[in-house]
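What follows is the content of protein.cif, which has mmCIF, C-alpha atoms and all ligand atoms:
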```
data_entry
#
loop_
_atom_site.group_PDB
_atom_site.id
_atom_site.type_symbol
_atom_site.label_atom_id
_atom_site.label_comp_id
_atom_site.auth_asym_id
_atom_site.auth_seq_id
_atom_site.Cartn_x
_atom_site.Cartn_y
_atom_site.Cartn_z
ATOM 1 C CA MET A 28 16.148 0.766 7.524
ATOM 2 C CA SER A 29 13.004 0.943 5.366
ATOM 3 C CA GLU A 30 10.269 3.430 6.171
ATOM 4 C CA GLN A 31 7.933 0.598 7.186
ATOM 5 C CA ALA A 32 10.562 -1.022 9.390
ATOM 6 C CA ARG A 33 11.292 2.355 10.972
ATOM 7 C CA LYS A 34 7.616 2.864 11.730
ATOM 8 C CA GLN A 35 7.340 -0.601 13.261
ATOM 9 C CA SER A 36 10.501 -0.424 15.353
ATOM 10 C CA ASP A 37 10.413 -0.165 19.116
ATOM 11 C CA PRO A 38 8.951 3.286 19.900
ATOM 12 C CA SER A 39 11.299 3.674 22.844
ATOM 13 C CA GLU A 40 14.244 3.563 20.420
ATOM 14 C CA THR A 41 12.806 6.020 17.921
ATOM 15 C CA ALA A 42 13.458 9.729 18.206
ATOM 16 C CA VAL A 43 10.216 11.687 18.401
ATOM 17 C CA GLU A 44 10.603 14.892 16.484
ATOM 18 C CA PHE A 45 9.040 15.884 13.188
ATOM 19 C CA SER A 46 11.193 15.663 10.087
ATOM 20 C CA ALA A 47 11.850 18.911 8.233
ATOM 21 C CA ASP A 48 9.039 18.056 5.803
ATOM 22 C CA SER A 49 6.550 17.360 8.612
ATOM 23 C CA LYS A 50 7.583 20.576 10.375
ATOM 24 C CA ARG A 51 6.748 22.462 7.194
ATOM 25 C CA ARG A 52 3.385 20.681 6.951
ATOM 26 C CA PHE A 53 2.749 21.347 10.646
ATOM 27 C CA ASP A 54 3.220 25.083 10.042
ATOM 28 C CA GLU A 55 0.870 24.908 7.055
ATOM 29 C CA ILE A 56 -1.815 23.143 9.126
ATOM 30 C CA LEU A 57 -1.612 25.757 11.884
ATOM 31 C CA LYS A 58 -2.154 28.551 9.346
ATOM 32 C CA ARG A 59 -5.526 27.022 8.397
ATOM 33 C CA TYR A 60 -6.981 27.327 11.914
ATOM 34 C CA ASP A 61 -7.859 30.286 14.100
ATOM 35 C CA SER A 62 -6.715 28.539 17.249
ATOM 36 C CA LYS A 63 -3.877 26.072 17.674
ATOM 37 C CA ARG A 64 -6.089 23.680 19.584
ATOM 38 C CA SER A 65 -8.494 23.361 16.618
ATOM 39 C CA ALA A 66 -5.653 21.928 14.546
ATOM 40 C CA LEU A 67 -5.145 18.948 16.856
ATOM 41 C CA LEU A 68 -6.825 16.295 14.638
ATOM 42 C CA PRO A 69 -4.771 16.969 11.489
ATOM 43 C CA VAL A 70 -1.616 17.353 13.578
ATOM 44 C CA LEU A 71 -2.281 13.920 15.102
ATOM 45 C CA HIS A 72 -2.693 12.496 11.579
ATOM 46 C CA LEU A 73 0.610 14.040 10.626
ATOM 47 C CA ALA A 74 2.267 12.575 13.729
ATOM 48 C CA GLN A 75 0.786 9.137 13.136
ATOM 49 C CA ASN A 76 2.034 9.150 9.541
ATOM 50 C CA GLU A 77 5.478 10.189 10.670
ATOM 51 C CA PHE A 78 5.895 7.871 13.664
ATOM 52 C CA GLY A 79 3.630 4.947 12.697
ATOM 53 C CA SER A 80 1.427 5.236 15.799
ATOM 54 C CA VAL A 81 0.511 7.665 18.540
ATOM 55 C CA HIS A 82 2.348 5.998 21.405
ATOM 56 C CA ASP A 83 3.105 7.730 24.696
ATOM 57 C CA ARG A 84 6.149 9.638 23.502
ATOM 58 C CA VAL A 85 4.266 10.914 20.459
ATOM 59 C CA VAL A 86 1.436 12.050 22.748
ATOM 60 C CA GLU A 87 3.986 13.975 24.834
ATOM 61 C CA TYR A 88 5.590 15.491 21.729
ATOM 62 C CA VAL A 89 2.258 16.584 20.241
ATOM 63 C CA ALA A 90 1.171 18.009 23.600
ATOM 64 C CA LYS A 91 4.377 20.054 23.744
ATOM 65 C CA ILE A 92 4.104 21.499 20.227
ATOM 66 C CA MET A 93 0.356 22.155 20.606
ATOM 67 C CA ASP A 94 0.629 23.805 24.049
ATOM 68 C CA LEU A 95 -1.662 21.189 25.563
ATOM 69 C CA SER A 96 -1.257 18.667 28.354
ATOM 70 C CA PRO A 97 -0.546 15.013 27.463
ATOM 71 C CA ALA A 98 -3.903 14.116 29.081
ATOM 72 C CA GLN A 99 -5.751 16.465 26.702
ATOM 73 C CA VAL A 100 -4.054 14.891 23.691
ATOM 74 C CA LEU A 101 -4.587 11.338 24.934
ATOM 75 C CA GLU A 102 -8.289 12.024 25.435
ATOM 76 C CA VAL A 103 -8.626 12.816 21.721
ATOM 77 C CA VAL A 104 -6.383 9.954 20.569
ATOM 78 C CA THR A 105 -8.385 7.352 22.466
ATOM 79 C CA PHE A 106 -11.751 8.797 21.371
ATOM 80 C CA TYR A 107 -11.200 8.313 17.613
ATOM 81 C CA HIS A 108 -10.572 4.874 16.094
ATOM 82 C CA MET A 109 -8.428 6.386 13.326
ATOM 83 C CA TYR A 110 -5.562 6.952 15.738
ATOM 84 C CA HIS A 111 -3.483 3.945 16.746
ATOM 85 C CA ARG A 112 -1.562 3.572 19.976
ATOM 86 C CA LYS A 113 0.531 0.707 18.553
ATOM 87 C CA PRO A 114 2.122 0.338 15.105
ATOM 88 C CA GLN A 115 -0.250 -1.233 12.581
ATOM 89 C CA GLY A 116 0.478 -3.584 9.711
ATOM 90 C CA GLU A 117 1.591 -2.256 6.355
ATOM 91 C CA ASN A 118 -2.016 -2.956 5.291
ATOM 92 C CA HIS A 119 -4.352 -2.033 8.121
ATOM 93 C CA LEU A 120 -7.770 -3.602 7.470
ATOM 94 C CA GLN A 121 -10.648 -1.929 9.276
ATOM 95 C CA PHE A 122 -13.914 -3.831 9.098
ATOM 96 C CA CYS A 123 -17.093 -1.892 9.763
ATOM 97 C CA ALA A 124 -19.090 -3.715 12.423
ATOM 98 C CA THR A 125 -22.147 -1.449 12.450
ATOM 99 C CA ILE A 126 -25.649 -2.508 11.420
ATOM 100 C CA SER A 127 -25.714 -2.117 7.605
ATOM 101 C CA CYS A 128 -22.349 -3.793 7.169
ATOM 102 C CA TRP A 129 -23.097 -6.393 9.806
ATOM 103 C CA MET A 130 -26.383 -7.326 8.074
ATOM 104 C CA ASN A 131 -24.507 -7.653 4.795
ATOM 105 C CA GLY A 132 -21.929 -10.092 6.099
ATOM 106 C CA SER A 133 -19.085 -7.948 7.436
ATOM 107 C CA HIS A 134 -18.663 -10.173 10.477
ATOM 108 C CA GLN A 135 -18.118 -13.270 8.311
ATOM 109 C CA LEU A 136 -15.635 -11.347 6.168
ATOM 110 C CA TYR A 137 -13.836 -10.183 9.286
ATOM 111 C CA LYS A 138 -13.738 -13.687 10.792
ATOM 112 C CA SER A 139 -12.483 -15.325 7.602
ATOM 113 C CA THR A 140 -9.769 -12.660 7.291
ATOM 114 C CA CYS A 141 -8.614 -13.206 10.878
ATOM 115 C CA SER A 142 -8.534 -16.930 10.245
ATOM 116 C CA ARG A 143 -6.661 -16.585 6.932
ATOM 117 C CA LEU A 144 -4.066 -14.222 8.406
ATOM 118 C CA GLY A 145 -3.839 -16.016 11.770
ATOM 119 C CA ILE A 146 -4.391 -12.862 13.815
ATOM 120 C CA LYS A 147 -7.068 -11.399 16.079
ATOM 121 C CA ASP A 148 -8.495 -7.913 16.411
ATOM 122 C CA GLY A 149 -5.708 -5.391 17.009
ATOM 123 C CA GLU A 150 -2.909 -7.813 16.149
ATOM 124 C CA VAL A 151 -0.260 -7.581 13.431
ATOM 125 C CA THR A 152 0.969 -10.528 11.335
ATOM 126 C CA PRO A 153 4.557 -11.598 12.139
ATOM 127 C CA ASP A 154 5.788 -10.243 8.785
ATOM 128 C CA GLY A 155 4.236 -6.848 9.601
ATOM 129 C CA LYS A 156 2.134 -6.917 6.427
ATOM 130 C CA PHE A 157 -1.381 -6.961 7.910
ATOM 131 C CA SER A 158 -3.368 -5.904 10.932
ATOM 132 C CA VAL A 159 -7.122 -6.090 11.462
ATOM 133 C CA GLN A 160 -9.530 -4.026 13.487
ATOM 134 C CA ARG A 161 -13.295 -3.865 13.899
ATOM 135 C CA VAL A 162 -14.559 -0.302 13.789
ATOM 136 C CA GLU A 163 -17.821 1.573 13.992
ATOM 137 C CA CYS A 164 -19.647 2.968 10.941
ATOM 138 C CA LEU A 165 -17.269 4.172 8.230
ATOM 139 C CA GLY A 166 -19.955 6.427 6.774
ATOM 140 C CA SER A 167 -20.521 4.407 3.628
ATOM 141 C CA CYS A 168 -23.590 2.439 4.754
ATOM 142 C CA GLY A 169 -25.222 2.478 1.289
ATOM 143 C CA SER A 170 -22.399 0.339 -0.089
ATOM 144 C CA ALA A 171 -22.119 -2.129 2.784
ATOM 145 C CA PRO A 172 -20.165 -4.170 3.598
ATOM 146 C CA VAL A 173 -17.137 -1.943 3.666
ATOM 147 C CA VAL A 174 -13.515 -2.422 4.636
ATOM 148 C CA GLN A 175 -11.006 0.392 4.850
ATOM 149 C CA VAL A 176 -7.402 -0.515 3.991
ATOM 150 C CA ASN A 177 -5.161 2.270 5.207
ATOM 151 C CA GLU A 178 -6.820 5.344 3.632
ATOM 152 C CA THR A 179 -8.818 3.530 0.927
ATOM 153 C CA TYR A 180 -12.419 2.274 1.107
ATOM 154 C CA TYR A 181 -13.449 -1.023 -0.525
ATOM 155 C CA GLU A 182 -17.212 -1.176 -0.818
ATOM 156 C CA ASN A 183 -19.851 -3.802 -1.667
ATOM 157 C CA LEU A 184 -17.348 -6.417 -0.599
ATOM 158 C CA THR A 185 -17.808 -10.116 -1.272
ATOM 159 C CA PRO A 186 -15.589 -12.970 -0.045
ATOM 160 C CA GLU A 187 -14.096 -13.200 -3.564
ATOM 161 C CA LYS A 188 -13.337 -9.464 -3.763
ATOM 162 C CA LEU A 189 -11.792 -9.555 -0.307
ATOM 163 C CA ASN A 190 -9.601 -12.535 -1.212
ATOM 164 C CA ARG A 191 -8.354 -10.769 -4.320
ATOM 165 C CA LEU A 192 -7.680 -7.641 -2.282
ATOM 166 C CA ILE A 193 -5.667 -9.532 0.347
ATOM 167 C CA ASN A 194 -3.725 -11.369 -2.360
ATOM 168 C CA SER A 195 -2.827 -8.079 -4.018
ATOM 169 C CA CYS A 196 -1.733 -6.618 -0.661
ATOM 170 C CA LYS A 197 0.455 -9.682 -0.065
ATOM 171 C CA GLU A 198 2.112 -9.060 -3.409
ATOM 172 C CA GLY A 199 2.816 -5.495 -2.325
ATOM 173 C CA ASN A 200 0.533 -3.958 -4.927
ATOM 174 C CA PRO A 201 -2.930 -3.392 -3.393
ATOM 175 C CA GLN A 202 -5.593 -3.308 -6.085
ATOM 176 C CA ARG A 203 -7.583 -0.126 -6.508
ATOM 177 C CA PRO A 204 -11.269 -0.212 -5.486
HETATM 178 S S1 LIG B 1 -22.701 0.624 8.692
HETATM 179 FE FE1 LIG B 1 -20.850 0.149 7.666
HETATM 180 S S2 LIG B 1 -20.341 2.018 6.721
HETATM 181 FE FE2 LIG B 1 -22.069 2.512 7.913
#
```
Encoding of this model in structure tokens:
Amino acid sequence: MSEQARKQSDPSETAVEFSADSKRRFDEILKRYDSKRSALLPVLHLAQNEFGSVHDRVVEYVAKIMDLSPAQVLEVVTFYHMYHRKPQGENHLQFCATISCWMNGSHQLYKSTCSRLGIKDGEVTPDGKFSVQRVECLGSCGSAPVVQVNETYYENLTPEKLNRLINSCKEGNPQRP
């Protein structure tokens, strides 16, 4: 099973325990913080990368290894838009919906993308390639409108640039910004 397929498989069928590599990275993260609790955000990133989302069993696992309650972990997961409770598409497109981006056409870009891909906010295309999400300010207001694809920002977007970006993602080779 490919990594992507593994990440998108039914969470209830996927074992929730860090791989040896993630365990090593977990130990490295903890060394950078005075208290274990302070390391929760990077540990959640690590867990999301490993398991594809932060579903209930991941919340329980992280709570256990961080000596926290599941409720404490869930509070953090649901506060930040960068953590996902369900698996996302291979290319997760986050459209900034805050004022600078909105005034520069982000909503039209978002709507045309949903229409082109045939999905709504929070949904994943049937082939697992794309998901879309509206998010609050991505912190790059001076180069609005902005879309974040996985970890990469695409700024000063136009409909043409966005089309080229989506085409390149479909081909499995996302263009660089
Ligand atoms: S308003 Fe879009 S990045 Fe700030």
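Distance annotation: of A:Pro69, A:Val89, A:Leu120, A:Asp94, the residue with the minimal separation from Lys147 of chain A is A:Leu120; atom set is only C-alpha atoms.
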query: Could you list, as a ChimeraX atom specification, all the residues within 10 Å of ligand LIG 1 (chain B), counting all atoms listed in the file?
result: /A:122-131,133,162-175,180,182
- request: Pull out every residue that the PyMOL selection byres (((chain A and resi 103-107) around 9) and not hetatm) matches in the shown coordinates and put them as an MDAnalysis selection string.
  value: chainID A and resid 67:68 71 81 86 98:102 108:112
task: Apply the PyMOL selection byres (((chain A and resi 186) around 10) and not hetatm) to the file shown and report the selected residues as a count of residues only.
output: 15
query: Could you pull the residues within 8 Å of segment 73-80 of chain A, counting all atoms listed in the file, minus those fewer than 5 positions along the same chain, as a ChimeraX atom specification?
result: /A:34-35,43,45-46,49,53,85,89,110-115
field: Straight-line distance linking atom CA of Cys196 of chain A with atom CA of Asn118 of chain A, stated in Å to one decimal
entry: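 Straight-line distance from atom CA of Cys196 of chain A to atom CA of Asn118 of chain A works out to 7.0 Å.
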Using the file's own x, y and z axes, so that the box edges lie along x, y and z, what centre and edge lengths in Å (one decimal) does a box around every listed atom of segment 89-98 of chain A get when 8 Å is added on each side? Give it as JSON.
```
{"center_x": 0.2, "center_y": 19.0, "center_z": 24.7, "size_x": 24.3, "size_y": 25.7, "size_z": 24.9}
```
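Counting only C-alpha atoms, the residue from A:Ser96, A:Glu117, A:Asp54, A:Gln160 that sits nearest to Pro201 of chain A is A:Glu117.
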statement: From atom CA of Leu57 of chain A to atom CA of His82 of chain A the spacing works out at 22.3 Å
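Separating atom CA of Pro153 of chain A from atom CA of Glu44 of chain A is a distance of 27.5 Å.
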- request: Identify, on the basis of all atoms listed in the file, every residue whose closest approach to Ile146 of chain A does not exceed 9 Å; exclude the query and any residue fewer than 4 positions from it along the same chain; express the result as an NGL selection string.
  value: :A and (140-142 or 150-152 or 157-159)
query: From the list A:Gly155, A:His134, A:Tyr88, A:Pro204, which residue is nearest Asn183 of chain A when using all atoms listed in the file?
result: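 The closest residue to Asn183 of chain A is A:Pro204.
Using only C-alpha atoms for every distance, the candidate list A:Leu95, A:Leu144, A:Val176, A:Ile193 yields A:Leu95 as the residue closest to Ala66 of chain A.
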